[in-house]
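Asks: Contents of final03.json (JSON, C-alpha atoms) are below:
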```
[["chain", "number", "residue", "atom", "x", "y", "z"],
["A", 1, "MET", "CA", 77.44, 153.27, 95.99],
["A", 2, "ALA", "CA", 77.33, 154.34, 92.36],
["A", 3, "PRO", "CA", 80.65, 155.48, 90.90],
["A", 4, "ARG", "CA", 81.22, 159.15, 90.29],
["A", 5, "GLN", "CA", 80.07, 160.30, 86.92],
["A", 6, "PRO", "CA", 82.70, 161.87, 84.68],
["A", 7, "GLY", "CA", 82.76, 165.56, 85.54],
["A", 8, "LEU", "CA", 83.05, 168.57, 83.31],
["A", 9, "PRO", "CA", 86.17, 169.01, 81.17],
["A", 10, "ARG", "CA", 88.77, 171.47, 82.36],
["A", 11, "ALA", "CA", 87.99, 173.90, 79.54],
["A", 12, "VAL", "CA", 84.34, 174.02, 80.55],
["A", 13, "LEU", "CA", 85.22, 174.53, 84.22],
["A", 14, "ARG", "CA", 87.50, 177.45, 83.35],
["A", 15, "TRP", "CA", 84.75, 178.90, 81.18],
["A", 16, "LEU", "CA", 82.26, 178.72, 84.06],
["A", 17, "GLN", "CA", 84.71, 180.38, 86.42],
["A", 18, "SER", "CA", 85.31, 183.21, 83.95],
["A", 19, "LEU", "CA", 81.57, 184.02, 83.85],
["A", 20, "ASP", "CA", 81.57, 185.09, 87.51],
["A", 21, "LEU", "CA", 78.36, 183.22, 88.37],
["A", 22, "PRO", "CA", 76.59, 183.98, 91.66],
["A", 23, "ALA", "CA", 77.16, 180.39, 92.80],
["A", 24, "CYS", "CA", 80.00, 178.11, 91.84],
["A", 25, "PRO", "CA", 78.58, 174.79, 90.57],
["A", 26, "ARG", "CA", 80.01, 172.05, 92.75],
["A", 27, "HIS", "CA", 77.45, 169.33, 92.16],
["A", 28, "CYS", "CA", 76.23, 169.62, 88.58],
["A", 29, "ARG", "CA", 73.34, 167.24, 88.99],
["A", 30, "ARG", "CA", 71.89, 169.28, 91.85],
["A", 31, "ASP", "CA", 73.00, 172.83, 90.96],
["A", 32, "PHE", "CA", 71.73, 172.85, 87.36],
["A", 33, "SER", "CA", 68.50, 171.02, 88.07],
["A", 34, "ASN", "CA", 66.27, 174.07, 88.55],
["A", 35, "GLY", "CA", 67.74, 175.93, 85.54],
["A", 36, "TYR", "CA", 68.76, 179.05, 87.49],
["A", 37, "LEU", "CA", 72.47, 178.73, 86.68],
["A", 38, "VAL", "CA", 71.64, 178.12, 83.02],
["A", 39, "VAL", "CA", 69.74, 181.42, 83.02],
["A", 40, "GLU", "CA", 72.74, 183.12, 84.61],
["A", 41, "ILE", "CA", 75.03, 181.75, 81.91],
["A", 42, "LEU", "CA", 72.75, 182.95, 79.11],
["A", 43, "ALA", "CA", 72.39, 186.35, 80.79],
["A", 44, "ARG", "CA", 76.14, 186.89, 80.34],
["A", 45, "TYR", "CA", 75.77, 186.51, 76.55],
["A", 46, "PHE", "CA", 72.27, 188.00, 76.11],
["A", 47, "PRO", "CA", 71.93, 190.62, 78.85],
["A", 48, "LEU", "CA", 69.12, 192.52, 77.15],
["A", 49, "GLU", "CA", 66.96, 189.51, 76.33],
["A", 50, "ILE", "CA", 67.00, 187.41, 79.47],
["A", 51, "ARG", "CA", 67.02, 188.45, 83.11],
["A", 52, "SER", "CA", 68.11, 186.17, 85.89],
["A", 53, "ARG", "CA", 66.07, 188.05, 88.51],
["A", 54, "ALA", "CA", 62.85, 186.82, 86.92],
["A", 55, "CYS", "CA", 63.78, 183.21, 87.64],
["A", 56, "GLY", "CA", 63.43, 181.53, 90.99],
["A", 57, "THR", "CA", 66.10, 179.62, 92.86],
["A", 58, "GLY", "CA", 63.76, 177.08, 94.44],
["A", 59, "SER", "CA", 64.22, 173.34, 94.12],
["A", 60, "SER", "CA", 60.55, 172.37, 93.99],
["A", 61, "LEU", "CA", 59.12, 170.81, 90.86],
["A", 62, "PRO", "CA", 56.87, 173.82, 89.97],
["A", 63, "ALA", "CA", 59.89, 176.15, 90.25],
["A", 64, "LYS", "CA", 61.94, 173.91, 87.98],
["A", 65, "LEU", "CA", 59.19, 173.65, 85.38],
["A", 66, "SER", "CA", 58.67, 177.42, 85.38],
["A", 67, "ASN", "CA", 62.36, 178.17, 84.79],
["A", 68, "TRP", "CA", 62.80, 175.53, 82.14],
["A", 69, "ALA", "CA", 59.64, 176.61, 80.30],
["A", 70, "ARG", "CA", 61.20, 180.06, 79.98],
["A", 71, "LEU", "CA", 64.47, 178.51, 78.83],
["A", 72, "ARG", "CA", 62.70, 176.40, 76.21],
["A", 73, "ARG", "CA", 61.12, 179.52, 74.71],
["A", 74, "PHE", "CA", 64.51, 181.24, 74.69],
["A", 75, "PHE", "CA", 66.16, 178.25, 72.96],
["A", 76, "ALA", "CA", 63.45, 178.17, 70.31],
["A", 77, "LYS", "CA", 63.70, 181.93, 69.70],
["A", 78, "HIS", "CA", 67.47, 181.86, 69.14],
["A", 79, "ASN", "CA", 67.54, 178.51, 67.29],
["A", 80, "LEU", "CA", 69.62, 176.81, 69.96],
["A", 81, "SER", "CA", 69.18, 173.08, 69.52],
["A", 82, "VAL", "CA", 69.05, 171.58, 73.00],
["A", 83, "ALA", "CA", 67.73, 168.03, 73.16],
["A", 84, "GLN", "CA", 64.58, 167.56, 75.22],
["A", 85, "GLU", "CA", 66.10, 164.41, 76.70],
["A", 86, "LEU", "CA", 68.88, 166.52, 78.19],
["A", 87, "ILE", "CA", 66.43, 169.00, 79.70],
["A", 88, "GLU", "CA", 64.23, 166.30, 81.20],
["A", 89, "GLY", "CA", 67.25, 164.40, 82.46],
["A", 90, "THR", "CA", 68.59, 167.56, 84.12],
["A", 91, "ILE", "CA", 65.23, 168.30, 85.75],
["A", 92, "HIS", "CA", 65.01, 164.77, 87.16],
["A", 93, "CYS", "CA", 68.70, 164.72, 88.22],
["A", 94, "LYS", "CA", 69.61, 161.82, 85.97],
["A", 95, "PRO", "CA", 73.31, 160.82, 86.07],
["A", 96, "GLY", "CA", 75.34, 162.65, 83.44],
["A", 97, "ALA", "CA", 72.46, 164.78, 82.09],
["A", 98, "ALA", "CA", 73.51, 168.12, 83.57],
["A", 99, "GLU", "CA", 77.14, 167.61, 82.52],
["A", 100, "ARG", "CA", 76.10, 166.88, 78.95],
["A", 101, "LEU", "CA", 73.74, 169.88, 78.90],
["A", 102, "VAL", "CA", 76.41, 172.31, 80.12],
["A", 103, "GLN", "CA", 78.88, 171.00, 77.55],
["A", 104, "ASP", "CA", 76.33, 171.47, 74.75],
["A", 105, "ILE", "CA", 75.64, 175.04, 75.87],
["A", 106, "TYR", "CA", 79.40, 175.68, 76.03],
["A", 107, "SER", "CA", 79.82, 174.45, 72.45],
["A", 108, "MET", "CA", 76.92, 176.57, 71.16],
["A", 109, "LEU", "CA", 77.95, 179.81, 72.89],
["A", 110, "THR", "CA", 81.71, 179.60, 72.28],
["A", 111, "ASN", "CA", 81.73, 177.72, 68.95],
["A", 112, "ARG", "CA", 84.22, 175.23, 70.38],
["A", 113, "CYS", "CA", 83.94, 171.49, 70.02],
["A", 114, "ILE", "CA", 84.46, 168.93, 72.76],
["A", 115, "LYS", "CA", 85.91, 165.60, 71.68],
["A", 116, "SER", "CA", 84.15, 163.66, 74.42],
["A", 117, "LEU", "CA", 80.75, 164.50, 72.89],
["A", 118, "GLN", "CA", 81.50, 162.93, 69.52],
["A", 119, "ASP", "CA", 79.56, 159.72, 68.80],
["A", 120, "ARG", "CA", 78.06, 159.72, 72.27],
["A", 121, "GLU", "CA", 74.51, 158.52, 72.70],
["A", 122, "ILE", "CA", 72.05, 160.06, 75.13],
["A", 123, "ASP", "CA", 71.44, 157.36, 77.72],
["A", 124, "PHE", "CA", 70.83, 158.20, 81.36],
["A", 125, "THR", "CA", 70.13, 154.70, 82.65],
["A", 126, "ASP", "CA", 72.47, 152.77, 84.92],
["A", 127, "TYR", "CA", 73.07, 150.05, 82.31],
["A", 128, "CYS", "CA", 76.78, 150.83, 81.89],
["A", 129, "TYR", "CA", 77.26, 150.94, 85.64],
["A", 130, "GLN", "CA", 75.50, 147.60, 86.14],
["A", 131, "THR", "CA", 77.66, 145.90, 83.51],
["A", 132, "GLN", "CA", 80.78, 146.94, 85.41],
["A", 133, "LEU", "CA", 79.58, 145.32, 88.64],
["A", 134, "PRO", "CA", 80.05, 141.63, 89.47],
["A", 135, "MET", "CA", 76.99, 139.49, 88.96],
["A", 136, "VAL", "CA", 76.21, 139.15, 92.66],
["A", 137, "ALA", "CA", 76.12, 142.94, 93.11],
["A", 138, "ARG", "CA", 73.85, 143.80, 90.19],
["A", 139, "SER", "CA", 70.36, 145.15, 90.79],
["A", 140, "THR", "CA", 67.19, 143.12, 90.73],
["A", 141, "ALA", "CA", 64.30, 144.02, 88.44],
["A", 142, "SER", "CA", 62.46, 146.04, 91.10],
["A", 143, "LYS", "CA", 65.66, 147.84, 92.10],
["A", 144, "ALA", "CA", 66.42, 148.67, 88.47],
["A", 145, "ILE", "CA", 62.97, 150.26, 88.05],
["A", 146, "LYS", "CA", 63.44, 152.24, 91.26],
["A", 147, "ASN", "CA", 66.88, 153.49, 90.18],
["A", 148, "ASN", "CA", 65.84, 154.60, 86.70],
["A", 149, "ILE", "CA", 62.44, 156.19, 87.33],
["A", 150, "ARG", "CA", 62.45, 159.31, 89.48],
["A", 151, "LEU", "CA", 59.56, 160.49, 91.62],
["A", 152, "THR", "CA", 59.51, 163.80, 89.74],
["A", 153, "GLU", "CA", 58.91, 161.92, 86.48],
["A", 154, "ILE", "CA", 55.78, 160.38, 87.93],
["A", 155, "MET", "CA", 54.68, 163.76, 89.26],
["A", 156, "MET", "CA", 55.14, 165.37, 85.85],
["A", 157, "GLU", "CA", 53.42, 162.57, 83.97],
["A", 158, "PRO", "CA", 50.81, 160.89, 86.20],
["A", 159, "SER", "CA", 49.53, 158.74, 83.34],
["A", 160, "VAL", "CA", 49.60, 155.11, 84.42],
["A", 161, "THR", "CA", 50.03, 153.89, 80.84],
["A", 162, "ILE", "CA", 53.15, 155.98, 80.16],
["A", 163, "ASN", "CA", 54.74, 155.05, 83.49],
["A", 164, "ARG", "CA", 53.96, 151.41, 82.80],
["A", 165, "GLN", "CA", 55.71, 151.67, 79.43],
["A", 166, "LYS", "CA", 58.78, 153.15, 81.11],
["A", 167, "ALA", "CA", 58.79, 150.36, 83.70],
["A", 168, "ASN", "CA", 58.42, 147.71, 80.98],
["A", 169, "ALA", "CA", 61.34, 149.18, 79.02],
["A", 170, "ILE", "CA", 63.56, 149.06, 82.11],
["A", 171, "SER", "CA", 62.38, 145.55, 82.91],
["A", 172, "ASN", "CA", 63.17, 144.39, 79.36],
["A", 173, "MET", "CA", 66.64, 145.92, 79.63],
["A", 174, "HIS", "CA", 67.15, 144.05, 82.90],
["A", 175, "MET", "CA", 65.98, 140.77, 81.37],
["A", 176, "ARG", "CA", 68.37, 141.15, 78.43],
["A", 177, "MET", "CA", 71.20, 141.66, 80.88],
["A", 178, "ARG", "CA", 70.19, 138.55, 82.82],
["A", 179, "MET", "CA", 70.01, 136.46, 79.65],
["A", 180, "GLN", "CA", 73.47, 137.67, 78.69],
["A", 181, "GLU", "CA", 74.75, 136.62, 82.12],
["A", 182, "ARG", "CA", 73.29, 133.14, 81.67],
["A", 183, "GLU", "CA", 74.94, 132.77, 78.27],
["A", 184, "GLU", "CA", 78.32, 133.93, 79.56],
["A", 185, "ASP", "CA", 78.36, 131.77, 82.70],
["A", 186, "PRO", "CA", 75.83, 128.89, 82.53],
["A", 187, "ARG", "CA", 77.53, 126.96, 85.34],
["A", 188, "ARG", "CA", 76.78, 129.67, 87.87],
["A", 189, "PHE", "CA", 73.04, 129.38, 87.17],
["A", 190, "ASN", "CA", 73.18, 125.56, 87.08],
["A", 191, "ILE", "CA", 71.98, 125.47, 83.48],
["A", 192, "LYS", "CA", 72.37, 122.06, 81.89],
["A", 193, "ARG", "CA", 72.72, 121.65, 78.17],
["A", 194, "SER", "CA", 69.82, 120.05, 76.39],
["A", 195, "PHE", "CA", 70.22, 116.78, 74.48],
["A", 196, "ARG", "CA", 70.30, 118.64, 71.18],
["A", 197, "HIS", "CA", 73.04, 121.06, 72.28],
["A", 198, "ARG", "CA", 75.12, 118.25, 73.75],
["A", 199, "THR", "CA", 74.83, 116.22, 70.56],
["A", 200, "VAL", "CA", 75.78, 119.15, 68.34],
["A", 201, "TYR", "CA", 78.70, 119.95, 70.65],
["A", 202, "HIS", "CA", 79.87, 116.32, 70.47],
["A", 203, "LEU", "CA", 79.58, 116.28, 66.67],
["A", 204, "ASN", "CA", 81.59, 119.51, 66.43],
["A", 205, "CYS", "CA", 84.31, 118.05, 68.64],
["A", 206, "THR", "CA", 84.52, 114.80, 66.69],
["A", 207, "THR", "CA", 84.55, 116.48, 63.26],
["A", 208, "SER", "CA", 87.16, 119.00, 64.36],
["A", 209, "SER", "CA", 89.44, 116.34, 65.90],
["A", 210, "THR", "CA", 89.08, 113.90, 63.01],
["A", 211, "ASN", "CA", 89.54, 114.98, 59.43],
["A", 212, "ILE", "CA", 87.57, 112.69, 57.14],
["A", 213, "ALA", "CA", 89.63, 113.73, 54.14],
["A", 214, "SER", "CA", 92.77, 112.37, 55.81],
["A", 215, "ILE", "CA", 91.21, 108.89, 56.29],
["A", 216, "PRO", "CA", 91.78, 106.45, 53.45],
["A", 217, "LYS", "CA", 88.74, 105.84, 51.29],
["A", 218, "GLU", "CA", 88.66, 102.14, 52.02],
["A", 219, "LYS", "CA", 88.15, 102.85, 55.74],
["A", 220, "VAL", "CA", 85.15, 105.13, 55.26],
["A", 221, "ASN", "CA", 81.91, 103.21, 55.52],
["A", 222, "PRO", "CA", 79.09, 104.78, 53.45],
["A", 223, "SER", "CA", 76.52, 103.25, 55.79],
["A", 224, "ASP", "CA", 77.95, 105.28, 58.69],
["A", 225, "ILE", "CA", 77.50, 108.50, 56.74],
["A", 226, "ASP", "CA", 73.90, 107.59, 55.94],
["A", 227, "CYS", "CA", 73.33, 106.79, 59.61],
["A", 228, "TRP", "CA", 74.56, 110.22, 60.68],
["A", 229, "LYS", "CA", 72.28, 111.85, 58.11],
["A", 230, "ILE", "CA", 69.27, 109.98, 59.50],
["A", 231, "ILE", "CA", 70.18, 111.02, 63.06],
["A", 232, "SER", "CA", 70.53, 114.69, 62.08],
["A", 233, "GLN", "CA", 67.20, 114.64, 60.20],
["A", 234, "THR", "CA", 65.52, 113.05, 63.22],
["A", 235, "MET", "CA", 66.93, 115.68, 65.55],
["A", 236, "ASN", "CA", 65.70, 118.50, 63.30],
["A", 237, "PHE", "CA", 62.26, 116.91, 63.20],
["A", 238, "TYR", "CA", 61.87, 116.65, 66.98],
["A", 239, "PHE", "CA", 63.63, 119.87, 67.98]]
```
For this file, write the structure as structure tokens.
Replies:
Amino acid sequence: MAPRQPGLPRAVLRWLQSLDLPACPRHCRRDFSNGYLVVEILARYFPLEIRSRACGTGSSLPAKLSNWARLRRFFAKHNLSVAQELIEGTIHCKPGAAERLVQDIYSMLTNRCIKSLQDREIDFTDYCYQTQLPMVARSTASKAIKNNIRLTEIMMEPSVTINRQKANAISNMHMRMRMQEREEDPRRFNIKRSFRHRTVYHLNCTTSSTNIASIPKEKVNPSDIDCWKIISQTMNFYF
């Protein structure tokens, strides 16, 4: 099971309770998905410009799109900068999207800053969660695509090309993670060093253990140095 996402700060929770909303948000990802509670919050500050009765409380995709289309027009009218990634992530119930959206609305309506939002990128993939898991428990490529692409995203954008680009981006992220795993623990994947890497590793060990400057000059053979130069040039030529 995925770990619980960090919830709302205490100040934001107290602010929501003071608004006397018709429903107390218990599960942010589910309760804020259709946009009804966001309309209720804005109705407390703009009672003459937005009405909560005109919005539906359904959880279907058409109901969500209708409510959020009205909210987008309201945000544009009042110059409220809400990122489209947050809106789409909230509609598709992405982890952490609704929490981030509510905190942004709290900051805009109350003029109060939240320290947790500083220098925080918008990323609703499970990359951070996968990096915390042991290697044997991490998702495969097909599982990663299934976890990061929602069915509602495909319903909103039925274009095969766009969905293929999303799947390729997730697959590339998964491949980068796998390559990082191989670099960190090559023994687990039974990766043997090539002849070039073994030779370079041996040369590094010998040069670090033996300091040529500390050897007397009469013991250094110039022919040995020339031999090592020829070997290094040959290795660069073939590899």
Asks: Write out as a list of chain:residue names the residues lying within 12 Å of Leu21 of chain A, counting all atoms listed in the file and excluding same-chain residues fewer than 2 positions away.
Replies: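 Using all atoms listed in the file, the neighbours found are A:Leu13, A:Arg14, A:Trp15, A:Leu16, A:Gln17, A:Ser18, A:Leu19, A:Ala23, A:Cys24, A:Pro25, A:Asp31, A:Tyr36, A:Leu37, A:Val38, A:Val39, A:Glu40, A:Ile41, A:Leu42, A:Ala43, A:Arg44, A:Ser52.
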Asks: Convert the current residue selection to file output with C-alpha atoms, as a tab-separated table (two decimals), in the frame of the given file.
Replies:
```
chain	number	residue	atom	x	y	z
A	13	LEU	CA	85.22	174.53	84.22
A	14	ARG	CA	87.50	177.45	83.35
A	15	TRP	CA	84.75	178.90	81.18
A	16	LEU	CA	82.26	178.72	84.06
A	17	GLN	CA	84.71	180.38	86.42
A	18	SER	CA	85.31	183.21	83.95
A	19	LEU	CA	81.57	184.02	83.85
A	23	ALA	CA	77.16	180.39	92.80
A	24	CYS	CA	80.00	178.11	91.84
A	25	PRO	CA	78.58	174.79	90.57
A	31	ASP	CA	73.00	172.83	90.96
A	36	TYR	CA	68.76	179.05	87.49
A	37	LEU	CA	72.47	178.73	86.68
A	38	VAL	CA	71.64	178.12	83.02
A	39	VAL	CA	69.74	181.42	83.02
A	40	GLU	CA	72.74	183.12	84.61
A	41	ILE	CA	75.03	181.75	81.91
A	42	LEU	CA	72.75	182.95	79.11
A	43	ALA	CA	72.39	186.35	80.79
A	44	ARG	CA	76.14	186.89	80.34
A	52	SER	CA	68.11	186.17	85.89
```
Asks: Kindly assemble as CSV a list of the segment 52-84 of chain A residues that lie within 12 Å of segment 148-164 of chain A, each paired with its nearest atom pair and their distance in Å to one decimal, using all atoms listed in the file, sorted first by chain and then by ascending residue number.
Replies:
```
residue,atom,partner,partner_atom,distance
A:Ser59,CA,A:Thr152,CA,11.5
A:Ser60,CA,A:Thr152,CA,9.6
A:Leu61,CA,A:Thr152,CA,7.1
A:Pro62,CA,A:Met156,CA,9.6
A:Lys64,CA,A:Thr152,CA,10.5
A:Leu65,CA,A:Met156,CA,9.2
```
Asks: Between atom CA of Gly7 of chain A and atom CA of His27 of chain A, what is the distance, to one decimal in Å?
Replies: 9.3 Å
Asks: Draw an axis-aligned box over all listed atoms of segment 122-141 of chain A, pad each side with 6 Å, and write its centre and edge lengths in Å, one decimal, as AutoDock Vina command-line options.
Replies:
```
--center_x 72.5 --center_y 149.6 --center_z 84.1 --size_x 28.5 --size_y 32.9 --size_z 30.0
```
Asks: Using all atoms listed in the file, which of A:Gly89, A:Pro22, A:Pro186, A:Gly35 sits nearest Asn67 of chain A?
Replies: A:Gly35
Asks: Need the shell around segment 173-185 of chain A: protein/DNA/RNA residues with any atom at most 9 Å away, counting only C-alpha atoms. Skip same-chain ones fewer than 2 positions apart. Format as a ChimeraX atom specification?
Replies: /A:127,131,135,139-141,144,168-171,187-189,191
Asks: So that I have them on file, write out the residues from the current selection with C-alpha atoms, as a compact mmCIF listing (two decimals), in the frame of the given file.
Replies:
```txt
# COMPACT_ATOMS: atom_id res chain seq x y z
CA TYR A 127 73.07 150.05 82.31
CA THR A 131 77.66 145.90 83.51
CA MET A 135 76.99 139.49 88.96
CA SER A 139 70.36 145.15 90.79
CA THR A 140 67.19 143.12 90.73
CA ALA A 141 64.30 144.02 88.44
CA ALA A 144 66.42 148.67 88.47
CA ASN A 168 58.42 147.71 80.98
CA ALA A 169 61.34 149.18 79.02
CA ILE A 170 63.56 149.06 82.11
CA SER A 171 62.38 145.55 82.91
CA ARG A 187 77.53 126.96 85.34
CA ARG A 188 76.78 129.67 87.87
CA PHE A 189 73.04 129.38 87.17
CA ILE A 191 71.98 125.47 83.48
```
Asks: Leaving out Ser81 of chain A and any residue of its chain fewer than 5 positions from it, which residues lie within 12 Å of it when counting only C-alpha atoms, given as a PyMOL selection string?
Replies: chain A and resi 71-76+86-87+101+104-105+107-109
Asks: Restricting the calculation to only C-alpha atoms: of A:Ser33, A:Thr57, A:Thr125, A:Asn172, which residue gets closest to Ile91 of chain A?
Replies: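 Among A:Ser33, A:Thr57, A:Thr125, A:Asn172, it is A:Ser33 that comes nearest to Ile91 of chain A.
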Asks: Between atom CA of Arg138 of chain A and atom CA of Arg26 of chain A, measure the distance and give it in Å to one decimal.
Replies: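 Pair atom CA of Arg138 of chain A / atom CA of Arg26 of chain A returns 29.0 Å.
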Asks: Just to confirm, what's the straight-line distance from atom CA of Cys93 of chain A to atom CA of Arg30 of chain A in Å (one decimal)?
Replies: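 Value for the atom CA of Cys93 of chain A-atom CA of Arg30 of chain A distance: 6.6 Å.
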Asks: Starting from the incomplete input, reconstruct all heavy atoms of segment 148-157 of chain A and write that as a PDB file, in the frame of the given file.
Replies:
```
ATOM      1  N   ASN A 148      65.918 153.911  87.982  1.00  0.00           N
ATOM      2  CA  ASN A 148      65.840 154.600  86.700  1.00  0.00           C
ATOM      3  C   ASN A 148      64.577 155.418  86.498  1.00  0.00           C
ATOM      4  O   ASN A 148      64.459 156.111  85.476  1.00  0.00           O
ATOM      5  CB  ASN A 148      65.948 153.577  85.553  1.00  0.00           C
ATOM      6  CG  ASN A 148      67.321 152.936  85.483  1.00  0.00           C
ATOM      7  OD1 ASN A 148      68.269 153.527  85.007  1.00  0.00           O
ATOM      8  ND2 ASN A 148      67.435 151.727  85.983  1.00  0.00           N
ATOM      9  N   ILE A 149      63.644 155.361  87.409  1.00  0.00           N
ATOM     10  CA  ILE A 149      62.440 156.190  87.330  1.00  0.00           C
ATOM     11  C   ILE A 149      62.393 157.063  88.575  1.00  0.00           C
ATOM     12  O   ILE A 149      62.298 156.560  89.699  1.00  0.00           O
ATOM     13  CB  ILE A 149      61.160 155.341  87.215  1.00  0.00           C
ATOM     14  CG1 ILE A 149      61.167 154.537  85.917  1.00  0.00           C
ATOM     15  CG2 ILE A 149      59.923 156.233  87.247  1.00  0.00           C
ATOM     16  CD1 ILE A 149      59.933 153.691  85.715  1.00  0.00           C
ATOM     17  N   ARG A 150      62.457 158.373  88.374  1.00  0.00           N
ATOM     18  CA  ARG A 150      62.450 159.310  89.480  1.00  0.00           C
ATOM     19  C   ARG A 150      61.004 159.640  89.888  1.00  0.00           C
ATOM     20  O   ARG A 150      60.061 159.508  89.092  1.00  0.00           O
ATOM     21  CB  ARG A 150      63.174 160.599  89.096  1.00  0.00           C
ATOM     22  CG  ARG A 150      64.577 160.401  88.589  1.00  0.00           C
ATOM     23  CD  ARG A 150      65.512 159.945  89.683  1.00  0.00           C
ATOM     24  NE  ARG A 150      66.883 159.837  89.203  1.00  0.00           N
ATOM     25  CZ  ARG A 150      67.899 159.441  89.949  1.00  0.00           C
ATOM     26  NH1 ARG A 150      67.691 159.092  91.203  1.00  0.00           N
ATOM     27  NH2 ARG A 150      69.116 159.350  89.443  1.00  0.00           N
ATOM     28  N   LEU A 151      60.883 160.087  91.130  1.00  0.00           N
ATOM     29  CA  LEU A 151      59.560 160.490  91.620  1.00  0.00           C
ATOM     30  C   LEU A 151      59.046 161.706  90.861  1.00  0.00           C
ATOM     31  O   LEU A 151      57.834 161.828  90.608  1.00  0.00           O
ATOM     32  CB  LEU A 151      59.638 160.785  93.116  1.00  0.00           C
ATOM     33  CG  LEU A 151      58.334 161.236  93.794  1.00  0.00           C
ATOM     34  CD1 LEU A 151      57.262 160.169  93.659  1.00  0.00           C
ATOM     35  CD2 LEU A 151      58.573 161.570  95.252  1.00  0.00           C
ATOM     36  N   THR A 152      59.941 162.619  90.488  1.00  0.00           N
ATOM     37  CA  THR A 152      59.510 163.800  89.740  1.00  0.00           C
ATOM     38  C   THR A 152      58.975 163.445  88.357  1.00  0.00           C
ATOM     39  O   THR A 152      58.114 164.155  87.828  1.00  0.00           O
ATOM     40  CB  THR A 152      60.679 164.784  89.610  1.00  0.00           C
ATOM     41  OG1 THR A 152      61.823 164.094  89.069  1.00  0.00           O
ATOM     42  CG2 THR A 152      61.054 165.371  90.957  1.00  0.00           C
ATOM     43  N   GLU A 153      59.461 162.365  87.763  1.00  0.00           N
ATOM     44  CA  GLU A 153      58.910 161.920  86.480  1.00  0.00           C
ATOM     45  C   GLU A 153      57.458 161.504  86.626  1.00  0.00           C
ATOM     46  O   GLU A 153      56.621 161.800  85.770  1.00  0.00           O
ATOM     47  CB  GLU A 153      59.742 160.769  85.934  1.00  0.00           C
ATOM     48  CG  GLU A 153      61.161 161.126  85.546  1.00  0.00           C
ATOM     49  CD  GLU A 153      61.883 159.963  84.904  1.00  0.00           C
ATOM     50  OE1 GLU A 153      61.473 159.540  83.795  1.00  0.00           O
ATOM     51  OE2 GLU A 153      62.846 159.458  85.501  1.00  0.00           O
ATOM     52  N   ILE A 154      57.160 160.803  87.697  1.00  0.00           N
ATOM     53  CA  ILE A 154      55.780 160.380  87.930  1.00  0.00           C
ATOM     54  C   ILE A 154      54.896 161.576  88.247  1.00  0.00           C
ATOM     55  O   ILE A 154      53.724 161.626  87.852  1.00  0.00           O
ATOM     56  CB  ILE A 154      55.738 159.342  89.068  1.00  0.00           C
ATOM     57  CG1 ILE A 154      56.608 158.138  88.703  1.00  0.00           C
ATOM     58  CG2 ILE A 154      54.311 158.893  89.355  1.00  0.00           C
ATOM     59  CD1 ILE A 154      56.731 157.115  89.802  1.00  0.00           C
ATOM     60  N   MET A 155      55.458 162.555  88.944  1.00  0.00           N
ATOM     61  CA  MET A 155      54.680 163.760  89.260  1.00  0.00           C
ATOM     62  C   MET A 155      54.406 164.584  88.013  1.00  0.00           C
ATOM     63  O   MET A 155      53.330 165.177  87.872  1.00  0.00           O
ATOM     64  CB  MET A 155      55.431 164.603  90.292  1.00  0.00           C
ATOM     65  CG  MET A 155      55.575 163.933  91.652  1.00  0.00           C
ATOM     66  SD  MET A 155      56.653 164.847  92.774  1.00  0.00           S
ATOM     67  CE  MET A 155      55.752 166.387  92.936  1.00  0.00           C
ATOM     68  N   MET A 156      55.348 164.629  87.088  1.00  0.00           N
ATOM     69  CA  MET A 156      55.140 165.370  85.850  1.00  0.00           C
ATOM     70  C   MET A 156      54.176 164.660  84.922  1.00  0.00           C
ATOM     71  O   MET A 156      53.371 165.291  84.235  1.00  0.00           O
ATOM     72  CB  MET A 156      56.475 165.590  85.134  1.00  0.00           C
ATOM     73  CG  MET A 156      57.329 166.695  85.706  1.00  0.00           C
ATOM     74  SD  MET A 156      58.827 166.951  84.712  1.00  0.00           S
ATOM     75  CE  MET A 156      58.126 167.327  83.105  1.00  0.00           C
ATOM     76  N   GLU A 157      54.248 163.358  84.869  1.00  0.00           N
ATOM     77  CA  GLU A 157      53.420 162.570  83.970  1.00  0.00           C
ATOM     78  C   GLU A 157      52.676 161.517  84.794  1.00  0.00           C
ATOM     79  O   GLU A 157      53.155 160.388  84.942  1.00  0.00           O
ATOM     80  CB  GLU A 157      54.282 161.915  82.891  1.00  0.00           C
ATOM     81  CG  GLU A 157      53.486 161.252  81.778  1.00  0.00           C
ATOM     82  CD  GLU A 157      52.642 162.252  81.004  1.00  0.00           C
ATOM     83  OE1 GLU A 157      53.196 163.226  80.485  1.00  0.00           O
ATOM     84  OE2 GLU A 157      51.417 162.037  80.939  1.00  0.00           O
TER      85      GLU A 157
END
```
